[in-house]
$ cat coords_19.cif   # mmCIF, C-alpha atoms
data_structure
#
loop_
_atom_site.label_atom_id
_atom_site.label_comp_id
_atom_site.auth_asym_id
_atom_site.auth_seq_id
_atom_site.Cartn_x
_atom_site.Cartn_y
_atom_site.Cartn_z
CA MET E 140 0.00 0.00 0.00
CA GLY E 141 1.34 3.46 -0.90
CA ARG E 142 2.10 6.10 1.69
CA MET E 143 -0.98 8.12 2.65
CA LYS E 144 -0.77 11.77 1.78
CA PRO E 145 -0.63 14.20 4.74
CA ILE E 146 -4.01 15.77 3.92
CA ALA E 147 -5.66 12.37 3.66
CA THR E 148 -4.04 11.32 6.95
CA LEU E 149 -5.37 14.44 8.68
CA ALA E 150 -8.83 13.82 7.26
CA VAL E 151 -8.86 10.28 8.62
CA MET E 152 -7.66 11.45 12.04
CA LEU E 153 -10.34 14.13 12.21
CA ALA E 154 -12.98 11.63 11.13
CA VAL E 155 -11.94 9.26 13.90
CA VAL E 156 -12.04 12.03 16.52
CA TRP E 157 -15.42 13.25 15.24
CA THR E 158 -16.80 9.69 15.20
CA ASP E 159 -15.65 8.98 18.76
CA THR E 160 -17.18 12.22 20.00
CA ALA E 161 -20.37 11.62 18.06
CA VAL E 162 -20.73 8.12 19.52
CA ASP E 163 -20.31 9.46 23.05
CA THR E 164 -22.79 12.27 22.38
CA ALA E 165 -25.33 9.97 20.72
CA ARG E 166 -25.07 7.49 23.57
CA ALA E 167 -25.99 10.23 26.03
CA GLN E 168 -28.69 11.72 23.80
CA THR E 169 -30.47 8.42 23.22
CA THR E 170 -30.53 7.39 26.87
CA GLU E 171 -34.19 7.07 27.78
CA PRO E 172 -35.09 8.85 31.04
CA ALA E 173 -36.14 6.38 33.70
CA VAL E 174 -37.98 7.05 36.94
CA VAL E 175 -35.89 5.48 39.70
CA GLY E 176 -37.57 6.85 42.80
CA ALA E 177 -39.80 9.50 44.32
CA ALA E 178 -39.20 12.39 46.69
CA VAL E 179 -40.73 12.73 50.12
CA ALA E 180 -42.22 16.09 51.04
CA ILE E 181 -39.87 18.76 52.35
CA PRO E 182 -41.87 21.99 52.82
CA GLY E 183 -40.71 24.73 50.48
CA VAL E 184 -38.23 22.38 48.82
CA VAL E 185 -39.88 19.46 47.05
CA ARG E 186 -43.35 17.90 46.77
CA ALA E 187 -44.11 14.36 47.95
CA GLY E 188 -43.99 11.94 45.05
CA ALA E 189 -41.95 14.18 42.73
CA PRO E 190 -40.28 11.72 40.34
CA ILE E 191 -36.55 11.15 40.59
CA GLU E 192 -35.34 10.46 37.04
CA ARG E 193 -32.09 9.08 35.70
CA ILE E 194 -31.54 10.98 32.46
CA LEU E 195 -27.96 9.98 31.50
CA THR E 196 -25.78 7.00 32.25
CA GLY E 197 -22.68 5.17 31.03
CA PHE E 198 -20.09 7.87 31.69
CA ASP E 199 -16.67 7.15 33.19
CA GLY E 200 -17.54 9.00 36.37
CA LEU E 201 -19.89 11.98 36.52
CA ASP E 202 -19.17 14.79 38.94
CA ASP E 203 -19.88 18.39 39.81
CA PRO E 204 -22.74 19.59 37.62
CA ILE E 205 -23.12 23.39 37.60
CA GLY E 206 -25.98 25.43 36.16
CA LEU E 207 -24.86 28.23 33.85
CA THR E 208 -26.77 31.48 33.37
CA ASP E 209 -28.02 30.39 29.93
CA GLY E 210 -29.89 27.49 31.56
CA SER E 211 -27.47 24.79 30.39
CA LEU E 212 -25.62 22.40 32.68
CA VAL E 213 -21.91 21.61 32.65
CA PHE E 214 -20.58 18.46 34.30
CA SER E 215 -17.27 16.64 34.51
CA GLU E 216 -16.40 13.10 33.45
CA PRO E 217 -13.20 12.61 35.47
CA GLY E 218 -12.36 9.11 34.25
CA ALA E 219 -12.34 10.27 30.62
CA ARG E 220 -10.83 13.66 31.54
CA ARG E 221 -13.59 15.63 29.80
CA LEU E 222 -16.21 18.28 30.53
CA HIS E 223 -19.67 18.08 28.95
CA ARG E 224 -22.52 20.53 28.40
CA LEU E 225 -26.14 19.41 28.74
CA ASN E 226 -29.05 21.15 27.02
CA THR E 227 -31.57 21.01 29.86
CA SER E 228 -34.50 21.32 27.46
CA THR E 229 -33.59 18.33 25.27
CA ASN E 230 -31.06 16.36 27.38
CA ALA E 231 -28.66 16.55 24.41
CA VAL E 232 -25.00 16.38 25.47
CA SER E 233 -21.88 17.71 23.77
CA VAL E 234 -18.21 17.67 24.75
CA LEU E 235 -17.18 21.10 26.02
CA VAL E 236 -13.56 20.35 27.01
CA ALA E 237 -11.88 17.31 25.45
CA ASP E 238 -8.90 17.30 27.85
CA SER E 239 -9.80 18.50 31.35
CA ASN E 240 -6.67 17.28 33.20
CA GLU E 241 -9.06 15.11 35.28
CA SER E 242 -11.19 18.02 36.44
CA HIS E 243 -13.60 17.25 39.24
CA GLY E 244 -15.16 20.36 40.81
CA VAL E 245 -16.00 23.19 38.42
CA SER E 246 -17.05 26.77 39.13
CA GLU E 247 -17.58 29.91 37.07
CA ASP E 248 -16.04 33.30 37.78
CA ALA E 249 -17.59 36.72 37.24
CA THR E 250 -16.09 36.98 33.73
CA GLY E 251 -17.56 33.66 32.54
CA ARG E 252 -14.39 31.57 32.80
CA LEU E 253 -14.77 28.00 34.06
CA VAL E 254 -12.32 27.25 36.87
CA SER E 255 -11.74 23.63 37.87
CA ALA E 256 -10.05 21.44 40.46
CA GLN E 257 -7.67 19.32 38.36
CA ALA E 258 -6.56 16.02 39.88
CA TRP E 259 -4.39 14.25 37.27
CA ASP E 260 -1.38 13.13 39.27
CA GLY E 261 1.72 15.03 38.22
CA SER E 262 -0.23 18.15 37.19
CA THR E 263 -2.59 18.72 40.11
CA ARG E 264 -3.78 22.31 40.11
CA ILE E 265 -6.54 24.88 40.29
CA GLY E 266 -6.91 26.54 36.94
CA VAL E 267 -9.04 28.10 34.24
CA ILE E 268 -10.15 25.25 31.95
CA HIS E 269 -12.49 27.07 29.54
CA PRO E 270 -12.55 28.93 27.19
CA PRO E 271 -9.34 27.47 25.74
CA GLU E 272 -7.77 30.81 24.90
CA ARG E 273 -8.01 31.87 28.55
CA ARG E 274 -6.58 28.74 30.15
CA ALA E 275 -4.40 29.56 33.13
CA VAL E 276 -2.91 27.98 36.24
CA LEU E 277 -4.10 29.78 39.38
CA ALA E 278 -2.21 27.58 41.86
CA ASP E 279 -0.40 24.24 41.66
CA ASN E 280 1.41 24.02 45.00
CA PHE E 281 1.41 24.96 48.64
CA GLU E 282 4.75 26.10 50.03
CA GLY E 283 6.53 24.44 47.11
CA ARG E 284 4.80 21.05 47.38
CA PRO E 285 2.26 19.95 44.73
CA PHE E 286 -1.35 19.52 45.74
CA SER E 287 -2.39 15.94 46.36
CA ARG E 288 -5.80 15.61 44.66
CA PRO E 289 -7.88 18.84 44.40
CA ASN E 290 -11.56 17.95 44.48
CA ASP E 291 -14.08 20.79 44.74
CA LEU E 292 -14.02 24.58 44.57
CA ILE E 293 -16.07 27.76 44.57
CA VAL E 294 -15.15 31.15 43.08
CA THR E 295 -16.20 34.40 44.76
CA ARG E 296 -17.53 37.43 42.90
CA ARG E 297 -14.17 39.14 43.48
CA GLY E 298 -12.24 36.25 41.96
CA GLY E 299 -10.95 34.49 45.07
CA VAL E 300 -11.06 30.68 45.03
CA TYR E 301 -11.80 28.35 47.94
CA PHE E 302 -11.05 24.67 47.33
CA THR E 303 -10.70 21.32 49.03
CA ASP E 304 -7.86 18.83 48.70
CA PRO E 305 -9.03 15.64 50.47
CA GLY E 306 -6.00 13.59 49.48
CA LEU E 307 -6.35 9.95 48.49
CA THR E 308 -8.61 7.22 49.78
CA VAL E 309 -6.98 3.86 50.39
CA GLN E 310 -8.42 2.61 47.09
CA GLN E 311 -7.21 5.65 45.13
CA ALA E 312 -3.72 5.31 46.60
CA GLU E 313 -3.55 1.63 45.61
CA ALA E 314 -4.71 2.42 42.06
CA LEU E 315 -2.13 5.20 41.72
CA VAL E 316 0.70 2.98 42.94
CA LYS E 317 -0.33 0.42 40.32
CA ARG E 318 -0.41 3.07 37.56
CA LEU E 319 2.94 4.61 38.52
CA GLY E 320 4.63 1.31 39.28
CA LYS E 321 6.32 2.65 42.40
CA PRO E 322 5.49 3.69 45.98
CA LEU E 323 4.01 7.15 46.48
CA GLU E 324 6.18 9.93 47.80
CA PRO E 325 4.96 11.90 50.85
CA ARG E 326 2.03 14.12 49.95
CA LEU E 327 0.33 17.17 51.38
CA PRO E 328 -2.25 16.16 54.01
CA PRO E 329 -5.98 16.84 53.52
CA ALA E 330 -6.76 20.56 53.74
CA VAL E 331 -8.91 23.46 52.58
CA TYR E 332 -7.24 26.39 50.81
CA TYR E 333 -7.98 29.93 49.70
CA ILE E 334 -6.37 31.57 46.66
CA PRO E 335 -6.66 35.38 46.78
CA PRO E 336 -7.06 37.06 43.38
CA GLY E 337 -3.59 36.95 41.81
CA GLY E 338 -2.08 35.41 44.94
CA ARG E 339 -0.74 32.13 46.27
CA ALA E 340 -2.72 29.39 48.02
CA ILE E 341 -3.26 29.87 51.75
CA LYS E 342 -4.21 26.92 53.95
CA ILE E 343 -7.29 27.73 56.04
CA GLU E 344 -8.28 24.29 57.44
CA ASP E 345 -6.48 21.02 58.18
CA LYS E 346 -8.58 19.32 60.87
CA MET E 347 -10.99 17.27 58.73
CA ILE E 348 -10.39 13.66 57.77
CA ARG E 349 -11.59 14.17 54.18
CA PRO E 350 -12.72 17.73 53.31
CA ASN E 351 -14.79 17.41 50.18
CA GLY E 352 -17.71 19.65 49.11
CA ILE E 353 -17.44 23.42 49.42
CA GLN E 354 -19.95 26.24 49.11
CA LEU E 355 -20.50 29.93 49.92
CA SER E 356 -23.51 31.56 51.53
CA ARG E 357 -25.63 33.85 49.36
CA ASP E 358 -23.90 37.01 50.64
CA GLU E 359 -20.47 35.32 50.46
CA LYS E 360 -19.87 36.08 54.12
CA GLY E 361 -19.99 32.42 55.10
CA LEU E 362 -18.06 29.36 53.91
CA TYR E 363 -19.28 25.74 54.23
CA VAL E 364 -17.23 22.55 53.86
CA SER E 365 -18.39 18.94 54.16
CA ASP E 366 -16.27 16.06 55.52
CA SER E 367 -16.83 12.70 53.84
CA ASN E 368 -15.73 11.01 57.05
CA GLY E 369 -17.50 13.34 59.48
CA ALA E 370 -21.08 14.03 60.53
CA ASP E 371 -20.96 17.82 60.61
CA VAL E 372 -20.86 20.45 57.89
CA ILE E 373 -18.32 23.00 59.10
CA ALA E 374 -18.86 26.74 58.65
CA TRP E 375 -16.70 29.86 59.01
CA ASP E 376 -17.19 33.60 58.76
CA ILE E 377 -15.27 35.14 55.86
CA GLN E 378 -13.22 38.23 56.65
CA PRO E 379 -12.66 41.14 54.24
CA ASP E 380 -9.26 39.70 53.21
CA GLY E 381 -10.86 36.35 52.31
CA LEU E 382 -9.47 34.48 55.28
CA VAL E 383 -11.84 32.80 57.74
CA ARG E 384 -12.60 32.81 61.45
CA ASN E 385 -15.16 31.39 63.91
CA ARG E 386 -14.95 27.74 62.88
CA ARG E 387 -18.08 25.88 64.00
CA ALA E 388 -20.37 22.94 63.31
CA PHE E 389 -23.13 24.29 61.08
CA GLY E 390 -25.44 21.28 60.74
CA THR E 391 -25.38 17.53 61.34
CA LEU E 392 -25.86 15.02 58.53
CA THR E 393 -27.77 11.78 59.11
CA GLY E 394 -26.95 9.73 55.98
CA ARG E 395 -24.37 6.96 56.09
CA SER E 396 -22.58 5.10 53.32
CA THR E 397 -22.30 1.32 53.18
CA ARG E 398 -18.90 1.69 51.53
CA ASP E 399 -15.54 2.06 53.25
CA ASN E 400 -12.80 4.38 51.96
CA GLY E 401 -10.35 3.16 54.60
CA LEU E 402 -10.10 6.52 56.42
CA GLY E 403 -12.22 5.89 59.52
CA GLY E 404 -14.44 8.52 61.13
CA ILE E 405 -18.18 8.68 60.47
CA ARG E 406 -18.85 7.52 56.92
CA THR E 407 -21.43 10.07 55.78
CA PHE E 408 -19.54 10.25 52.45
CA ALA E 409 -20.68 13.88 52.39
CA ASP E 410 -19.66 15.40 49.08
CA GLY E 411 -20.79 18.33 46.91
CA MET E 412 -23.15 21.09 48.01
CA THR E 413 -25.40 23.75 46.51
CA ILE E 414 -27.76 26.43 47.85
CA ASP E 415 -31.18 27.71 46.88
CA SER E 416 -32.67 31.20 46.76
CA GLU E 417 -33.67 30.96 50.43
CA GLY E 418 -30.16 30.06 51.55
CA ARG E 419 -30.90 26.39 52.25
CA LEU E 420 -27.90 24.09 51.87
CA TYR E 421 -28.17 20.83 49.90
CA VAL E 422 -25.54 18.16 50.59
CA ALA E 423 -24.94 14.91 48.67
CA THR E 424 -24.32 12.10 51.20
CA GLY E 425 -24.56 8.34 51.52
CA GLY E 426 -28.22 8.84 52.44
CA GLY E 427 -29.23 10.96 49.44
CA ILE E 428 -29.54 14.73 49.20
CA GLU E 429 -29.81 16.19 52.69
CA VAL E 430 -31.31 19.66 53.05
CA LEU E 431 -30.31 22.06 55.84
CA SER E 432 -31.94 25.40 56.58
CA GLU E 433 -29.96 28.63 56.46
CA ARG E 434 -29.41 28.16 60.21
CA GLY E 435 -28.32 24.53 59.91
CA GLN E 436 -31.54 22.74 60.87
CA HIS E 437 -31.96 19.38 59.15
CA LEU E 438 -35.13 19.68 57.03
CA GLY E 439 -35.19 16.28 55.32
CA THR E 440 -33.57 14.08 52.69
CA ILE E 441 -34.38 13.62 49.00
CA PRO E 442 -33.80 9.86 48.54
CA VAL E 443 -31.61 9.97 45.43
CA ARG E 444 -29.26 7.01 44.95
CA CYS E 445 -26.36 6.70 42.49
CA PRO E 446 -25.61 2.97 42.37
CA PRO E 447 -23.24 1.26 42.67
CA ALA E 448 -21.65 4.11 44.66
CA ASP E 449 -22.92 7.28 46.37
CA CYS E 450 -24.03 10.52 44.74
CA GLN E 451 -21.20 13.01 44.41
CA ASN E 452 -22.42 16.47 43.52
CA LEU E 453 -25.46 18.51 42.56
CA ALA E 454 -26.70 21.78 41.09
CA PHE E 455 -29.84 23.67 40.22
CA ALA E 456 -30.11 24.39 36.50
CA GLY E 457 -32.56 25.21 33.71
CA LYS E 458 -34.10 28.54 32.76
CA GLN E 459 -35.85 28.98 36.11
CA LYS E 460 -33.35 26.94 38.18
CA THR E 461 -36.16 24.78 39.55
CA THR E 462 -34.63 21.46 38.55
CA LEU E 463 -32.10 19.84 40.85
CA TYR E 464 -29.50 17.75 38.99
CA ILE E 465 -27.47 15.10 40.84
CA GLY E 466 -24.39 13.32 39.52
CA GLY E 467 -22.57 10.21 40.62
CA ALA E 468 -21.18 6.83 39.51
CA GLY E 469 -21.39 7.72 35.82
CA SER E 470 -25.04 8.80 35.82
CA LEU E 471 -27.03 12.03 36.01
CA TYR E 472 -30.35 12.34 37.82
CA LYS E 473 -32.90 15.12 38.22
CA VAL E 474 -35.90 16.04 40.33
CA GLU E 475 -38.26 19.00 39.94
CA THR E 476 -38.40 21.22 43.01
CA ILE E 477 -40.53 23.88 44.60
CA ALA E 478 -37.37 25.66 45.62
CA ARG E 479 -35.41 27.72 43.15
CA GLY E 480 -31.64 27.61 42.96
CA PHE E 481 -29.66 30.69 43.90
CA THR E 482 -29.29 32.88 40.81
CA GLY E 483 -26.44 35.06 42.10
CA ARG E 484 -23.81 32.71 40.62
CA ALA E 485 -23.56 29.50 38.63
CA LYS E 486 -22.74 27.35 41.67
#

$ encode --input "coords_19.cif" --output "structure tokens"
Amino acid sequence: MGRMKPIATLAVMLAVVWTDTAVDTARAQTTEPAVVGAAVAIPGVVRAGAPIERILTGFDGLDDPIGLTDGSLVFSEPGARRLHRLNTSTNAVSVLVADSNESHGVSEDATGRLVSAQAWDGSTRIGVIHPPERRAVLADNFEGRPFSRPNDLIVTRRGGVYFTDPGLTVQQAEALVKRLGKPLEPRLPPAVYYIPPGGRAIKIEDKMIRPNGIQLSRDEKGLYVSDSNGADVIAWDIQPDGLVRNRRAFGTLTGRSTRDNGLGGIRTFADGMTIDSEGRLYVATGGGIEVLSERGQHLGTIPVRCPPADCQNLAFAGKQKTTLYIGGAGSLYKVETIARGFTGRAK
């Protein structure tokens, strides 16, 4: 066979890329929604019997959906190192970022840039991931040591970034040793950090076993962090310089996971969080989606399950932000709510 001309080679390569993307997109688009459960009544939040639907499945992980101002939803597929955009009117999915550096948590800043927690070992960082021409590294180390495994983040209106680095579970550490073919070097311990606009990462918390989900109050004067191996959501008051004070237990979570990540503590497997227009806090846990009032009172649980694991993250999206989307274990779920998501930011 003769040597293929460069133009023909390029055409074949592009066709392969387009075909792979089209197959992934078609797979998601043709997934038939399935009712997998029903909500119990939580006054002001959700009606009794509201269907819980699985609308997408088959992804290599599905994490951190966020609702953009145009009504669409962006979510990460960490295992395939991609970000996707969902049309919330049609459930059609397209690849937004083809190489996300294993992004997990995603947030949007005031200028429309998507900022993500990037966990690919060897290039762990917090950075702008989209649009491509504005990609930037905001922080990739603390005191000269690389981050372990950044997980979730939230961007303030002024451009500061709060993020969690929970480190590795026992299972993740074993998988990484197998991939690298050598023992792991010492890593930064689990912590929560703050990156001031244009500045370096500052550690603001190091007492949790596995800090995971992170969220701001509506007025951005309060910070919330969940601990996957703890029962309490922890809150702080945010000072004018972005640093925090007055650490306290904000609300107690009741859900428990049947899985074991090898880290001890209380296995709530608390993960991502979002808020609604009334300031209520929604937390993905081993028990479903737990709802806390603005003062931390436990109001109830939406019984969403993400088999074979636990749900990981959630967001209000759609034109009116009255649909709650939940991601986990490669699938995306939704439930219609009475509550409306907070419209002051994407997440």

$ closest_residue --input "coords_19.cif" --among "E:Ile441, E:Ile293, E:Leu323, E:Leu201" --to "Val422 of chain E" --atoms "all atoms listed in the file"
E:Ile441

$ resolve_selection --input "coords_19.cif" --expression "the PyMOL selection byres ((chain E and resi 416) around 12)" --output "PyMOL selection string"
chain E and resi 183-184+356-358+413-415+417-421+432-433+455+459-461+477-484+486

$ closest_residue --input "coords_19.cif" --among "E:Pro379, E:Gly251, E:Pro204, E:Gly299" --to "Ile341 of chain E" --atoms "all atoms listed in the file"
E:Gly299

$ residues_near_point --input "coords_19.cif" --point "(-17.0, 22.2, 61.6)" --cutoff "9 Å" --atoms "all atoms listed in the file" --output "mmCIF file with C-alpha atoms, in the coordinates of the input"
data_model
loop_
_atom_site.group_PDB
_atom_site.id
_atom_site.type_symbol
_atom_site.label_atom_id
_atom_site.label_comp_id
_atom_site.auth_asym_id
_atom_site.auth_seq_id
_atom_site.Cartn_x
_atom_site.Cartn_y
_atom_site.Cartn_z
ATOM 1 C CA LYS E 346 -8.580 19.320 60.870
ATOM 2 C CA MET E 347 -10.990 17.270 58.730
ATOM 3 C CA TYR E 363 -19.280 25.740 54.230
ATOM 4 C CA VAL E 364 -17.230 22.550 53.860
ATOM 5 C CA SER E 365 -18.390 18.940 54.160
ATOM 6 C CA ASP E 366 -16.270 16.060 55.520
ATOM 7 C CA ASP E 371 -20.960 17.820 60.610
ATOM 8 C CA VAL E 372 -20.860 20.450 57.890
ATOM 9 C CA ILE E 373 -18.320 23.000 59.100
ATOM 10 C CA ALA E 374 -18.860 26.740 58.650
ATOM 11 C CA TRP E 375 -16.700 29.860 59.010
ATOM 12 C CA ARG E 386 -14.950 27.740 62.880
ATOM 13 C CA ARG E 387 -18.080 25.880 64.000
ATOM 14 C CA ALA E 388 -20.370 22.940 63.310
ATOM 15 C CA PHE E 389 -23.130 24.290 61.080
ATOM 16 C CA GLY E 390 -25.440 21.280 60.740
#

$ residues_around --input "coords_19.cif" --residues "Pro271 of chain E" --least-positions-apart "3" --cutoff "12 Å" --atoms "all atoms listed in the file" --output "PDB file with C-alpha atoms, keeping the file's coordinate frame"
ATOM      1  CA  LEU E 235     -17.180  21.100  26.020  1.00  0.00           C
ATOM      2  CA  VAL E 236     -13.560  20.350  27.010  1.00  0.00           C
ATOM      3  CA  ALA E 237     -11.880  17.310  25.450  1.00  0.00           C
ATOM      4  CA  ASP E 238      -8.900  17.300  27.850  1.00  0.00           C
ATOM      5  CA  SER E 239      -9.800  18.500  31.350  1.00  0.00           C
ATOM      6  CA  ARG E 252     -14.390  31.570  32.800  1.00  0.00           C
ATOM      7  CA  LEU E 253     -14.770  28.000  34.060  1.00  0.00           C
ATOM      8  CA  VAL E 254     -12.320  27.250  36.870  1.00  0.00           C
ATOM      9  CA  GLY E 266      -6.910  26.540  36.940  1.00  0.00           C
ATOM     10  CA  VAL E 267      -9.040  28.100  34.240  1.00  0.00           C
ATOM     11  CA  ILE E 268     -10.150  25.250  31.950  1.00  0.00           C
ATOM     12  CA  ARG E 274      -6.580  28.740  30.150  1.00  0.00           C
ATOM     13  CA  ALA E 275      -4.400  29.560  33.130  1.00  0.00           C
TER      14      ALA E 275
END

$ residues_around --input "coords_19.cif" --residues "Phe302 of chain E" --least-positions-apart "4" --cutoff "6 Å" --atoms "all atoms listed in the file" --output "PyMOL selection string"
chain E and resi 291-292+331-332

$ resolve_selection --input "coords_19.cif" --expression "the PyMOL selection byres ((chain E and resi 453) around 12)" --output "count of residues only"
53

$ atom_distance --input "coords_19.cif" --atom1 "atom CA of Thr208 of chain E" --atom2 "atom CA of His269 of chain E"
15.4 Å

$ residues_near_point --input "coords_19.cif" --point "(-44.4, 5.6, 43.8)" --cutoff "10 Å" --atoms "only C-alpha atoms" --output "PyMOL selection string"
chain E and resi 174-178+187-190

$ closest_residue --input "coords_19.cif" --among "E:Leu307, E:Leu327, E:Val185, E:Leu222" --to "Phe286 of chain E" --atoms "all atoms listed in the file"
E:Leu327

$ atom_distance --input "coords_19.cif" --atom1 "atom CA of Arg398 of chain E" --atom2 "atom CA of Pro325 of chain E"
26.0 Å

$ closest_residue --input "coords_19.cif" --among "E:Pro305, E:Pro322, E:Gly200, E:Gly381" --to "Leu355 of chain E" --atoms "only C-alpha atoms"
E:Gly381

$ resolve_selection --input "coords_19.cif" --expression "the PyMOL selection byres ((chain E and resi 335) around 10)" --output "NGL selection string"
:E and (277 or 295 or 297-301 or 332-334 or 336-341 or 380-382)

$ atom_distance --input "coords_19.cif" --atom1 "atom CA of Asp199 of chain E" --atom2 "atom CA of His223 of chain E"
12.1 Å

$ residues_around --input "coords_19.cif" --residues "Ile405 of chain E" --least-positions-apart "4" --cutoff "9 Å" --atoms "only C-alpha atoms" --output "JSON, numbers by chain"
{"E": [367, 368, 369, 370, 395]}

$ closest_residue --input "coords_19.cif" --among "E:Ser228, E:Gln257, E:Asn351, E:Ser262" --to "Pro289 of chain E" --atoms "only C-alpha atoms"
E:Gln257

$ closest_residue --input "coords_19.cif" --among "E:Ser287, E:Arg434, E:Pro329, E:Lys342" --to "Gly361 of chain E" --atoms "all atoms listed in the file"
E:Arg434

$ axis_aligned_box --input "coords_19.cif" --around "segment 273-276 of chain E" --padding-each-side "4 Å" --output "JSON"
{"center_x": -5.5, "center_y": 29.9, "center_z": 32.4, "size_x": 13.1, "size_y": 11.9, "size_z": 15.7}

$ build_atoms --input "coords_19.cif" --residues "segment 298-313 of chain E" --atoms "N, CA, C and O atoms" --output "PDB file, in the coordinates of the input"
ATOM      1  N   GLY E 298     -13.251  37.047  42.623  1.00  0.00           N
ATOM      2  CA  GLY E 298     -12.240  36.250  41.960  1.00  0.00           C
ATOM      3  C   GLY E 298     -11.381  35.395  42.869  1.00  0.00           C
ATOM      4  O   GLY E 298     -10.470  34.702  42.395  1.00  0.00           O
ATOM      5  N   GLY E 299     -11.646  35.406  44.180  1.00  0.00           N
ATOM      6  CA  GLY E 299     -10.950  34.490  45.070  1.00  0.00           C
ATOM      7  C   GLY E 299     -11.489  33.078  44.891  1.00  0.00           C
ATOM      8  O   GLY E 299     -12.623  32.883  44.467  1.00  0.00           O
ATOM      9  N   VAL E 300     -10.663  32.080  45.204  1.00  0.00           N
ATOM     10  CA  VAL E 300     -11.060  30.680  45.030  1.00  0.00           C
ATOM     11  C   VAL E 300     -10.849  29.932  46.340  1.00  0.00           C
ATOM     12  O   VAL E 300      -9.747  29.949  46.902  1.00  0.00           O
ATOM     13  N   TYR E 301     -11.902  29.273  46.822  1.00  0.00           N
ATOM     14  CA  TYR E 301     -11.800  28.350  47.940  1.00  0.00           C
ATOM     15  C   TYR E 301     -11.868  26.933  47.379  1.00  0.00           C
ATOM     16  O   TYR E 301     -12.708  26.646  46.523  1.00  0.00           O
ATOM     17  N   PHE E 302     -10.995  26.034  47.846  1.00  0.00           N
ATOM     18  CA  PHE E 302     -11.050  24.670  47.330  1.00  0.00           C
ATOM     19  C   PHE E 302     -10.618  23.653  48.370  1.00  0.00           C
ATOM     20  O   PHE E 302      -9.924  23.979  49.341  1.00  0.00           O
ATOM     21  N   THR E 303     -11.053  22.418  48.139  1.00  0.00           N
ATOM     22  CA  THR E 303     -10.700  21.320  49.030  1.00  0.00           C
ATOM     23  C   THR E 303      -9.690  20.407  48.350  1.00  0.00           C
ATOM     24  O   THR E 303      -9.723  20.192  47.143  1.00  0.00           O
ATOM     25  N   ASP E 304      -8.803  19.860  49.152  1.00  0.00           N
ATOM     26  CA  ASP E 304      -7.860  18.830  48.700  1.00  0.00           C
ATOM     27  C   ASP E 304      -7.949  17.697  49.725  1.00  0.00           C
ATOM     28  O   ASP E 304      -7.265  17.718  50.753  1.00  0.00           O
ATOM     29  N   PRO E 305      -8.820  16.706  49.485  1.00  0.00           N
ATOM     30  CA  PRO E 305      -9.030  15.640  50.470  1.00  0.00           C
ATOM     31  C   PRO E 305      -7.955  14.576  50.485  1.00  0.00           C
ATOM     32  O   PRO E 305      -7.989  13.663  51.315  1.00  0.00           O
ATOM     33  N   GLY E 306      -6.992  14.646  49.566  1.00  0.00           N
ATOM     34  CA  GLY E 306      -6.000  13.590  49.480  1.00  0.00           C
ATOM     35  C   GLY E 306      -6.592  12.339  48.857  1.00  0.00           C
ATOM     36  O   GLY E 306      -7.601  12.381  48.148  1.00  0.00           O
ATOM     37  N   LEU E 307      -5.970  11.209  49.113  1.00  0.00           N
ATOM     38  CA  LEU E 307      -6.350   9.950  48.490  1.00  0.00           C
ATOM     39  C   LEU E 307      -7.057   9.028  49.474  1.00  0.00           C
ATOM     40  O   LEU E 307      -6.655   8.936  50.644  1.00  0.00           O
ATOM     41  N   THR E 308      -8.079   8.337  48.998  1.00  0.00           N
ATOM     42  CA  THR E 308      -8.610   7.220  49.780  1.00  0.00           C
ATOM     43  C   THR E 308      -7.629   6.065  49.666  1.00  0.00           C
ATOM     44  O   THR E 308      -6.694   6.089  48.845  1.00  0.00           O
ATOM     45  N   VAL E 309      -7.843   5.037  50.474  1.00  0.00           N
ATOM     46  CA  VAL E 309      -6.980   3.860  50.390  1.00  0.00           C
ATOM     47  C   VAL E 309      -7.045   3.263  48.991  1.00  0.00           C
ATOM     48  O   VAL E 309      -6.018   2.895  48.396  1.00  0.00           O
ATOM     49  N   GLN E 310      -8.250   3.200  48.417  1.00  0.00           N
ATOM     50  CA  GLN E 310      -8.420   2.610  47.090  1.00  0.00           C
ATOM     51  C   GLN E 310      -7.744   3.455  46.005  1.00  0.00           C
ATOM     52  O   GLN E 310      -7.122   2.918  45.081  1.00  0.00           O
ATOM     53  N   GLN E 311      -7.855   4.776  46.111  1.00  0.00           N
ATOM     54  CA  GLN E 311      -7.210   5.650  45.130  1.00  0.00           C
ATOM     55  C   GLN E 311      -5.695   5.550  45.213  1.00  0.00           C
ATOM     56  O   GLN E 311      -5.006   5.556  44.186  1.00  0.00           O
ATOM     57  N   ALA E 312      -5.159   5.446  46.433  1.00  0.00           N
ATOM     58  CA  ALA E 312      -3.720   5.310  46.600  1.00  0.00           C
ATOM     59  C   ALA E 312      -3.219   4.010  45.976  1.00  0.00           C
ATOM     60  O   ALA E 312      -2.187   3.990  45.290  1.00  0.00           O
ATOM     61  N   GLU E 313      -3.951   2.919  46.191  1.00  0.00           N
ATOM     62  CA  GLU E 313      -3.550   1.630  45.610  1.00  0.00           C
ATOM     63  C   GLU E 313      -3.577   1.687  44.091  1.00  0.00           C
ATOM     64  O   GLU E 313      -2.667   1.173  43.426  1.00  0.00           O
TER      65      GLU E 313
END
